[in-house]
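Enquirer: Just so it is clear, I am handing over start18.cif, which has mmCIF, C-alpha atoms.
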data_final
loop_
_atom_site.label_atom_id
_atom_site.label_comp_id
_atom_site.auth_asym_id
_atom_site.auth_seq_id
_atom_site.Cartn_x
_atom_site.Cartn_y
_atom_site.Cartn_z
CA MET A 1 0.00 0.00 0.00
CA ASP A 2 1.23 3.52 -0.72
CA PRO A 3 3.20 4.85 2.30
CA LEU A 4 1.48 8.24 2.06
CA MET A 5 -1.91 6.61 2.21
CA LEU A 6 -0.82 4.58 5.21
CA ALA A 7 0.38 7.74 6.91
CA VAL A 8 -2.84 9.72 6.53
CA ALA A 9 -5.52 7.02 6.49
CA GLY A 10 -7.05 5.65 9.65
CA PRO A 11 -5.88 6.22 13.24
CA ASN A 12 -2.53 7.96 13.08
CA ASP A 13 -0.07 7.83 15.94
CA MET A 14 1.37 11.16 14.75
CA TRP A 15 -1.51 12.87 16.56
CA TYR A 16 0.12 11.84 19.84
CA ALA A 17 2.87 14.32 19.01
CA LEU A 18 0.47 17.28 19.15
CA PRO A 19 0.10 17.54 22.96
CA LEU A 20 3.87 17.16 23.27
CA VAL A 21 4.54 19.95 20.77
CA ILE A 22 2.14 22.23 22.64
CA ALA A 23 3.62 21.43 26.06
CA VAL A 24 7.24 21.75 24.92
CA SER A 25 6.53 25.05 23.11
CA LEU A 26 4.76 26.58 26.10
CA VAL A 27 7.32 25.46 28.69
CA TYR A 28 10.31 26.52 26.57
CA SER A 29 8.78 29.92 25.87
CA ALA A 30 7.92 30.36 29.53
CA THR A 31 11.60 29.98 30.41
CA ARG A 32 12.39 32.91 28.08
CA HIS A 33 9.71 35.42 29.15
CA GLU A 34 7.76 36.54 32.20
CA GLN A 35 4.59 38.02 30.71
CA VAL A 36 1.87 35.78 29.32
CA GLY A 37 1.61 37.65 26.00
CA PRO A 38 5.23 37.15 24.88
CA ILE A 39 5.14 33.57 26.20
CA LEU A 40 2.17 32.71 23.98
CA THR A 41 3.62 34.53 20.97
CA HIS A 42 6.95 32.78 21.29
CA ALA A 43 5.20 29.44 21.91
CA VAL A 44 3.27 29.73 18.65
CA ARG A 45 6.53 30.45 16.77
CA ILE A 46 8.31 27.52 18.40
CA GLY A 47 5.34 25.22 17.77
CA ILE A 48 5.28 26.11 14.10
CA TRP A 49 9.05 25.57 13.89
CA ILE A 50 8.82 22.13 15.53
CA THR A 51 5.89 21.08 13.35
CA GLY A 52 7.66 22.29 10.21
CA PHE A 53 10.82 20.42 11.17
CA MET A 54 8.84 17.22 11.74
CA ALA A 55 7.09 17.70 8.39
CA VAL A 56 10.44 18.05 6.61
CA ILE A 57 11.77 14.88 8.25
CA PHE A 58 8.52 13.10 7.34
CA ALA A 59 8.88 14.20 3.70
CA VAL A 60 12.50 13.04 3.56
CA LEU A 61 11.62 9.64 5.02
CA LEU A 62 8.69 9.35 2.64
CA LEU A 63 10.93 10.07 -0.36
CA ILE A 64 13.46 7.52 0.89
CA SER A 65 10.71 4.91 1.28
CA TRP A 66 9.54 5.49 -2.32
CA GLY A 67 13.02 4.86 -3.58
CA LEU A 68 13.38 1.54 -1.78
CA MET B 1 8.48 57.88 24.07
CA PRO B 2 6.79 55.25 26.26
CA PRO B 3 8.84 52.07 26.86
CA SER B 4 8.07 49.12 24.58
CA HIS B 5 6.42 46.01 25.94
CA GLU B 6 9.69 44.11 25.68
CA GLN B 7 11.56 46.90 27.44
CA GLN B 8 9.03 46.86 30.26
CA GLN B 9 9.43 43.13 30.53
CA TYR B 10 13.19 43.27 30.87
CA GLU B 11 13.10 46.21 33.22
CA GLU B 12 10.67 44.38 35.48
CA THR B 13 12.54 42.85 38.35
CA VAL B 14 11.88 39.20 39.07
CA HIS B 15 12.02 38.58 42.79
CA LEU B 16 13.49 35.11 43.13
CA LYS B 17 13.40 35.12 46.99
CA ASP B 18 15.40 32.05 48.05
CA PRO B 19 16.46 30.53 44.66
CA ALA B 20 17.57 27.20 46.17
CA LEU B 21 14.27 26.70 47.98
CA ALA B 22 12.36 27.79 44.87
CA ALA B 23 14.28 25.27 42.77
CA PHE B 24 13.58 22.48 45.26
CA LEU B 25 9.88 23.34 45.37
CA ALA B 26 9.82 23.49 41.57
CA TRP B 27 11.23 19.97 41.48
CA LEU B 28 8.87 18.69 44.18
CA ILE B 29 5.73 19.81 42.36
CA PRO B 30 5.92 21.51 38.94
CA GLY B 31 5.06 25.18 39.35
CA LEU B 32 5.27 25.26 43.15
CA GLY B 33 8.60 27.07 43.13
CA HIS B 34 7.17 29.81 40.90
CA LEU B 35 4.10 30.09 43.13
CA TYR B 36 6.44 30.58 46.11
CA GLN B 37 8.10 33.43 44.18
CA GLY B 38 4.75 35.03 43.35
CA ARG B 39 5.00 34.24 39.63
CA VAL B 40 1.47 32.89 39.57
CA ALA B 41 0.84 32.82 35.80
CA LYS B 42 4.00 30.85 35.11
CA ALA B 43 3.28 28.57 38.06
CA GLY B 44 -0.07 27.70 36.57
CA LEU B 45 1.36 27.24 33.09
CA PHE B 46 4.16 24.93 34.26
CA PHE B 47 1.82 22.93 36.46
CA VAL B 48 -0.78 22.41 33.74
CA CYS B 49 1.71 21.61 30.96
CA ILE B 50 4.12 19.40 32.90
CA MET B 51 1.63 17.60 35.12
CA GLY B 52 -0.76 17.22 32.21
CA THR B 53 1.94 15.61 30.10
CA PHE B 54 3.02 13.34 32.96
CA LEU B 55 -0.51 12.26 33.88
CA TYR B 56 -1.39 11.58 30.26
CA GLY B 57 1.69 9.37 30.03
CA VAL B 58 0.68 7.55 33.22
CA CYS B 59 -2.77 6.87 31.72
CA LEU B 60 -1.38 5.77 28.36
CA GLY B 61 1.04 3.36 30.02
CA GLY B 62 -1.53 1.42 32.01
CA SER B 63 -5.03 0.06 32.14
CA HIS B 64 -7.73 -0.85 34.62
CA GLU B 65 -6.82 -4.52 34.22
CA LEU B 66 -3.04 -4.17 34.51
CA GLY B 67 -2.86 -1.19 36.84
CA TRP B 68 -1.99 2.41 36.02
CA GLY B 69 1.40 4.05 35.71
CA ARG B 70 3.09 0.86 34.55
CA THR B 71 5.56 2.87 32.53
CA VAL B 72 7.00 4.68 35.57
CA TYR B 73 8.90 2.20 37.71
CA VAL B 74 12.24 1.32 39.24
CA GLU B 75 13.93 -2.05 39.45
CA TRP B 76 16.54 -2.50 42.16
CA GLY B 77 19.48 -4.67 41.30
CA LYS B 78 19.36 -3.62 37.65
CA PRO B 79 21.25 -0.31 37.63
CA PHE B 80 21.06 0.26 33.88
CA ALA B 81 17.64 -1.22 33.22
CA ARG B 82 15.63 1.81 34.24
CA LEU B 83 17.37 4.77 32.69
CA PRO B 84 13.99 6.27 31.73
CA TYR B 85 13.30 6.76 35.43
CA LEU B 86 16.21 9.18 35.61
CA CYS B 87 14.17 11.43 33.31
CA GLN B 88 10.79 10.65 34.90
CA VAL B 89 11.99 11.54 38.41
CA GLY B 90 12.52 15.08 37.16
CA VAL B 91 8.81 15.58 37.76
CA GLY B 92 9.39 15.17 41.49
CA LEU B 93 6.79 13.95 43.96
CA PRO B 94 4.41 12.43 41.38
CA ALA B 95 7.15 9.96 40.33
CA LEU B 96 8.31 9.00 43.83
CA PRO B 97 5.69 6.25 44.47
CA ALA B 98 7.75 4.15 42.06
CA LEU B 99 10.57 4.04 44.62
CA VAL B 100 8.22 2.81 47.35
CA GLN B 101 6.68 0.19 45.07
CA ALA B 102 10.10 -1.03 43.96
CA TYR B 103 11.18 -1.43 47.57
CA ARG B 104 8.01 -3.39 48.37
CA MET B 105 8.44 -5.63 45.35
CA ASP B 106 12.09 -6.28 46.21
CA ALA B 107 11.26 -6.96 49.88
CA ASP B 108 8.59 -9.46 48.84
CA LYS B 109 5.78 -7.32 50.20
CA ARG B 110 2.47 -6.77 48.47
CA VAL B 111 2.61 -3.69 46.22
CA TRP B 112 0.03 -0.97 46.83
CA ALA B 113 -2.88 0.39 44.80
CA GLY B 114 -3.21 -2.49 42.36
CA GLY B 115 0.39 -2.14 41.23
CA PHE B 116 0.43 1.60 40.56
CA MET B 117 3.98 2.45 39.39
CA ALA B 118 5.11 -1.01 40.48
CA PRO B 119 7.87 -2.81 38.56
CA PRO B 120 6.81 -5.85 36.52
CA ARG B 121 6.99 -9.24 38.19
CA ASP B 122 10.04 -11.38 37.55
CA GLU B 123 9.11 -13.90 34.87
CA ASN B 124 10.69 -16.73 36.86
CA ARG B 125 8.68 -15.91 39.96
CA PHE B 126 5.30 -17.64 40.36
CA ASP B 127 4.83 -17.40 44.11
CA GLY B 128 4.84 -14.65 46.70
CA PRO B 129 2.38 -11.83 47.42
CA ASN B 130 2.89 -10.28 43.96
CA ARG B 131 2.31 -13.39 41.86
CA ASP B 132 -0.72 -11.76 40.20
CA GLN B 133 1.33 -8.79 38.95
CA PRO B 134 2.02 -8.70 35.19
CA THR B 135 5.46 -9.42 33.78
CA ALA B 136 7.25 -7.09 31.37
CA HIS B 137 6.29 -9.40 28.50
CA GLU B 138 2.60 -9.23 29.45
CA LEU B 139 2.73 -5.45 29.70
CA ASN B 140 4.19 -5.13 26.21
CA LEU B 141 1.75 -7.71 24.83
CA LYS B 142 -1.37 -6.06 26.23
CA LEU B 143 -0.44 -2.38 26.06
CA HIS B 144 1.36 -2.56 22.70
CA ARG B 145 2.83 0.77 21.61
CA PHE B 146 0.97 2.67 24.35
CA LEU B 147 3.51 1.49 26.91
CA GLU B 148 6.28 3.18 24.92
CA LEU B 149 4.13 6.25 24.24
CA GLY B 150 3.42 6.59 27.95
CA ARG B 151 7.12 6.24 28.67
CA GLN B 152 7.95 9.04 26.22
CA TYR B 153 5.31 11.35 27.68
CA THR B 154 6.47 10.83 31.26
CA MET B 155 10.15 11.20 30.33
CA ILE B 156 9.47 14.44 28.45
CA ALA B 157 7.48 15.76 31.41
CA GLY B 158 10.45 15.11 33.68
CA LEU B 159 12.87 16.82 31.31
CA LEU B 160 10.57 19.84 30.89
CA ASN B 161 10.49 20.23 34.66
CA ILE B 162 14.27 20.55 34.61
CA LEU B 163 13.78 23.71 32.51
CA ALA B 164 11.18 24.95 34.98
CA ILE B 165 13.52 24.26 37.92
CA TYR B 166 16.25 26.33 36.25
CA ASP B 167 13.75 29.14 35.62
CA ALA B 168 12.77 29.12 39.30
CA TRP B 169 16.41 29.18 40.35
CA GLY B 170 17.78 31.76 37.92
CA GLY B 171 14.84 33.62 36.39
CA PRO B 172 14.02 33.81 32.67
CA VAL B 173 16.82 33.30 30.18
CA ILE B 174 17.21 36.44 28.11
CA SER B 175 18.50 35.77 24.61
CA GLU B 176 21.76 37.39 23.44
CA SER B 177 19.94 39.48 20.82
CA ALA B 178 17.49 40.82 23.38
CA ARG B 179 20.34 41.71 25.75
CA ARG B 180 22.18 43.50 22.94
CA LYS B 181 18.99 45.38 22.00
CA LYS B 182 18.53 46.47 25.61
CA GLU B 183 22.13 47.74 25.78
CA GLU B 184 21.65 49.67 22.53
CA GLU B 185 18.47 51.30 23.87
CA GLU B 186 20.26 52.27 27.10
CA GLU B 187 23.13 53.83 25.11
CA ALA B 188 20.65 55.71 22.92
CA GLU B 189 18.92 57.05 26.03
CA LYS B 190 22.27 58.25 27.45
CA LYS B 191 23.00 60.15 24.23
CA ASP B 192 19.57 61.79 24.33
CA ILE B 193 20.22 63.26 27.80
CA PRO B 194 21.26 66.89 27.19
CA SER B 195 24.55 67.99 28.85
CA GLU B 196 24.44 70.82 31.44
CA VAL B 197 25.45 74.21 30.08
CA PRO B 198 27.60 76.16 32.61
CA SER B 199 26.15 79.56 33.40
#
Hey, can you dump this file as structure tokens for me?
Expert:
Amino acid sequence: MDPLMLAVAGPNDMWYALPLVIAVSLVYSATRHEQVGPILTHAVRIGIWITGFMAVIFAVLLLISWGL
Amino acid sequence: MPPSHEQQQYEETVHLKDPALAAFLAWLIPGLGHLYQGRVAKAGLFFVCIMGTFLYGVCLGGSHELGWGRTVYVEWGKPFARLPYLCQVGVGLPALPALVQAYRMDADKRVWAGGFMAPPRDENRFDGPNRDQPTAHELNLKLHRFLELGRQYTMIAGLLNILAIYDAWGGPVISESARRKKEEEEEAEKKDIPSEVPS
């Protein structure tokens, strides 16, 4: 079966990463700021960065799996 | 010109009180050290994020049949078998029942609370007060990948609390660029101050 279909169809364990991304982003940002506003702003930026990084790694692994 | 929001933030003094005590309290219960320092918003944020992550991991790595918190445990006599606990213990008090349960298992005493945070039974052991406890093989067979997922969640919670402990001990970490920007603003302010003209 196509790896991309496997990745997006049905229950996907990748969703378990979402609470971790949120928690890590908030805690990391909270160690850099004191006010709630900058904490949340920084957390959104960090969360997007982490998600984007994971997406890039996913794409690379997907490309590798197509070549095998 | 009114100070920017960032400038206000960095000019605001963070009263750390007793940093060592704050760090210990932050380890004991996530957010408690910040509450002691009066940093209520951050205390609430750390508590919710770190405890939420840890508790979710405890729920993932257990079941009503097998007992909860099966992914947080210690095994005496196997010094390198429970490296994950070194991360999990970062969460503090919520991870300490594992030490008590490990002692009880090792001393051949009945573990408490249905095996909450108890180590798995030795596979070669079929007698004793803990003969009904699941083995490591049974845990992996019945919990599948959720045992590992729970382990990851609880380990990450412990590691995140290390960041919170450092924040309670030393205050927020200001990035190099922000520090440079603050120094530039202070220098600009000094240049704006007019010099006194002698009469």
Enquirer: Quote the spacing between CA of Ala17 (chain A) and CA of Pro94 (chain B) in Å to one decimal place.
Expert: 22.5 Å
Enquirer: Rounded to one decimal place, report the CA of Gly62 (chain B)-CA of Gly115 (chain B) distance in Å.
Expert: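 These atoms are spaced 10.1 Å apart.
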Enquirer: Can you give me, as a list in words, the residues this file yields under the PyMOL selection byres ((chain A and resi 27-36) around 8)?
Expert: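 Expected selection for the PyMOL selection byres ((chain A and resi 27-36) around 8) here is Ala23, Val24, Ser25, Leu26, Gly37, Pro38, Ile39, Leu40, His42, Ala43 and Ile46 of chain A; Gln9, Ala41, Lys42, Leu45, Phe46, Cys49, Leu160, Leu163, Ala164, Asp167, Gly171, Pro172, Val173, Ile174 and Ser175 of chain B.
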Enquirer: Can you tell me, as a list of chain:residue names, what residues are no more than 10 Å from Leu60 (chain B) when counting only C-alpha atoms, ignoring any on the same chain fewer than 2 positions away?
Expert: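 So, after excluding close chain neighbours, the residues are B:Phe54, B:Leu55, B:Tyr56, B:Gly57, B:Val58, B:Gly62, B:Ser63, B:Trp68, B:Gly69, B:Arg70, B:Thr71, B:Leu143, B:Arg145, B:Phe146, B:Leu147, B:Glu148, B:Leu149, B:Gly150, B:Arg151, B:Tyr153, B:Thr154.
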Enquirer: State, in Å with one decimal place, the distance from CA of Asp108 (chain B) to CA of Arg121 (chain B).
Expert: 10.8 Å
Enquirer: Contacts of Leu86 (chain B) at 9 Å or less, counting all atoms listed in the file, minus same-chain residues fewer than 3 places along, as JSON, numbers by chain?
Expert: {"B": [82, 83, 89, 90, 155, 158]}
Enquirer: Output as lines of an AutoDock Vina configuration file the centre and edge lengths (Å, one decimal) of the box along x, y and z of the file that holds every listed atom of region 30-35 of chain A after adding 3 Å on each side.
Expert:
center_x = 8.5
center_y = 34.0
center_z = 30.1
size_x = 13.8
size_y = 14.0
size_z = 10.1
Enquirer: Name the residues captured by the PyMOL selection byres ((chain A and resi 18) around 12) when it is applied to the shown file; answer as a list in words.
Expert: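 That selection, the PyMOL selection byres ((chain A and resi 18) around 12), comes back as Asn12, Asp13, Met14, Trp15, Tyr16, Ala17, Pro19, Leu20, Val21, Ile22, Ala23, Val24, Ser25, Gly47, Ile48, Ile50, Thr51 and Met54 of chain A; Thr53 and Tyr153 of chain B.
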Enquirer: Specify as number ranges by chain each residue included when the PyMOL selection byres ((chain B and resi 136) around 9) is applied to this file.
Expert: B: 119-123, 134-135, 137-141
